[in-house]
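Read the structure below first, then the notes.
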Amino acid sequence: MDLHVSLDGGGDLTARIYRSLRDGVRDGRLRPGDRLPPTRELARTLSVSRGTVATAYERLTAEGFPVS
């Protein structure tokens with residue numbers, strides 16, 4: 001899976017990561033069964049804190065997108 005998370009757009013970093021991942025699910029780039037990268041890995045790739053990524057993941061989970 002080639003996951004590209006964009007930090008473009010408005011809002012804080014958590015909101016941008018959340019929207020990018022949510023949009024990936026909605027447009028089919030992320031399909032059922034695809035695994036999200038670990039929070040540490042994605043945080044390092046995006047040069048943001050792990051907590052920022054973890055919060056975006058928590059929001060996605062609360063809305064029923066990923067399943068652990």
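Going by the structure tokens order, chains are called A, B, ..., each with residues numbered from 1, while ligands are numbered from 1 in the order shown.
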
Close residues, region 36-42 of chain A itself excluded, 9 Å, only C-alpha atoms, min 3 positions apart in chain, as an mmCIF file with C-alpha atoms, in the first residue's frame:
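Full text of selection21.cif as output:
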```cif
data_model
loop_
_atom_site.group_PDB
_atom_site.id
_atom_site.type_symbol
_atom_site.label_atom_id
_atom_site.label_comp_id
_atom_site.auth_asym_id
_atom_site.auth_seq_id
_atom_site.Cartn_x
_atom_site.Cartn_y
_atom_site.Cartn_z
ATOM 1 C CA LEU A 3 -0.110 5.759 1.686
ATOM 2 C CA VAL A 5 -0.838 11.730 3.944
ATOM 3 C CA LEU A 30 -7.290 2.783 1.721
ATOM 4 C CA THR A 45 7.507 10.624 8.189
ATOM 5 C CA LEU A 46 5.391 13.770 8.643
ATOM 6 C CA SER A 47 7.760 15.406 11.172
ATOM 7 C CA VAL A 48 4.994 15.796 13.750
ATOM 8 C CA SER A 49 4.595 14.462 17.269
ATOM 9 C CA ARG A 50 3.354 10.936 17.836
ATOM 10 C CA GLY A 51 0.505 12.359 19.936
ATOM 11 C CA THR A 52 -0.737 14.336 16.949
ATOM 12 C CA VAL A 53 -0.977 11.184 14.833
ATOM 13 C CA ALA A 54 -2.441 9.162 17.717
ATOM 14 C CA TYR A 57 -6.185 7.808 14.631
ATOM 15 C CA PRO A 66 -10.274 1.737 11.070
#
```

Any idea what's packed within 10 Å of Leu60 (chain A), counting only C-alpha atoms, ignoring anything in its chain fewer than 4 positions away? Could you give it as a short mmCIF file (atom, residue, chain, number, x, y, z; two decimals) with N, CA, C and O atoms, in the first residue's frame?
```
data_model
loop_
_atom_site.label_atom_id
_atom_site.label_comp_id
_atom_site.auth_asym_id
_atom_site.auth_seq_id
_atom_site.Cartn_x
_atom_site.Cartn_y
_atom_site.Cartn_z
N TYR A 18 -6.19 13.64 9.95
CA TYR A 18 -7.48 12.96 9.98
C TYR A 18 -8.18 13.06 8.62
O TYR A 18 -8.62 12.05 8.07
N ARG A 19 -8.27 14.28 8.07
CA ARG A 19 -8.96 14.47 6.78
C ARG A 19 -8.27 13.70 5.66
O ARG A 19 -8.93 13.11 4.81
N LEU A 21 -6.47 10.94 5.87
CA LEU A 21 -6.74 9.50 6.01
C LEU A 21 -8.20 9.19 5.70
O LEU A 21 -8.50 8.21 5.00
N ARG A 22 -9.11 9.99 6.19
CA ARG A 22 -10.54 9.79 5.92
C ARG A 22 -10.82 9.84 4.42
O ARG A 22 -11.53 9.00 3.87
N ALA A 54 -1.59 10.01 16.88
CA ALA A 54 -2.44 9.16 17.72
C ALA A 54 -3.83 9.77 17.88
O ALA A 54 -4.84 9.07 17.81
N THR A 55 -3.90 11.08 18.04
CA THR A 55 -5.19 11.74 18.18
C THR A 55 -6.01 11.64 16.89
O THR A 55 -7.22 11.39 16.92
N ALA A 56 -5.35 11.78 15.74
CA ALA A 56 -6.04 11.63 14.46
C ALA A 56 -6.57 10.20 14.31
O ALA A 56 -7.71 9.98 13.88
N GLY A 64 -15.53 5.07 13.30
CA GLY A 64 -15.76 3.77 12.68
C GLY A 64 -14.95 3.50 11.41
O GLY A 64 -15.27 2.56 10.69
N PHE A 65 -13.91 4.28 11.15
CA PHE A 65 -13.13 4.02 9.93
C PHE A 65 -12.18 2.84 10.10
O PHE A 65 -12.39 1.83 9.48
N PRO A 66 -11.14 2.92 10.92
CA PRO A 66 -10.27 1.74 11.07
C PRO A 66 -10.79 0.84 12.19
O PRO A 66 -11.49 1.29 13.10
N VAL A 67 -10.43 -0.41 12.09
CA VAL A 67 -10.78 -1.38 13.13
C VAL A 67 -9.49 -2.03 13.58
O VAL A 67 -8.71 -2.49 12.75
#
```

The distance between CA of His4 (chain A) and CA of Ser20 (chain A) is 8.2 Å

Give me, as a list in words, the residues of region 1-47 of chain A that a backbone DSSP run labels alpha helix (DSSP H). Leu13, Thr14, Ala15, Arg16, Ile17, Tyr18, Arg19, Ser20, Leu21, Arg22, Asp23, Gly24, Val25, Arg26, Thr39, Arg40, Glu41, Leu42, Ala43, Arg44, Thr45 and Leu46 of chain A
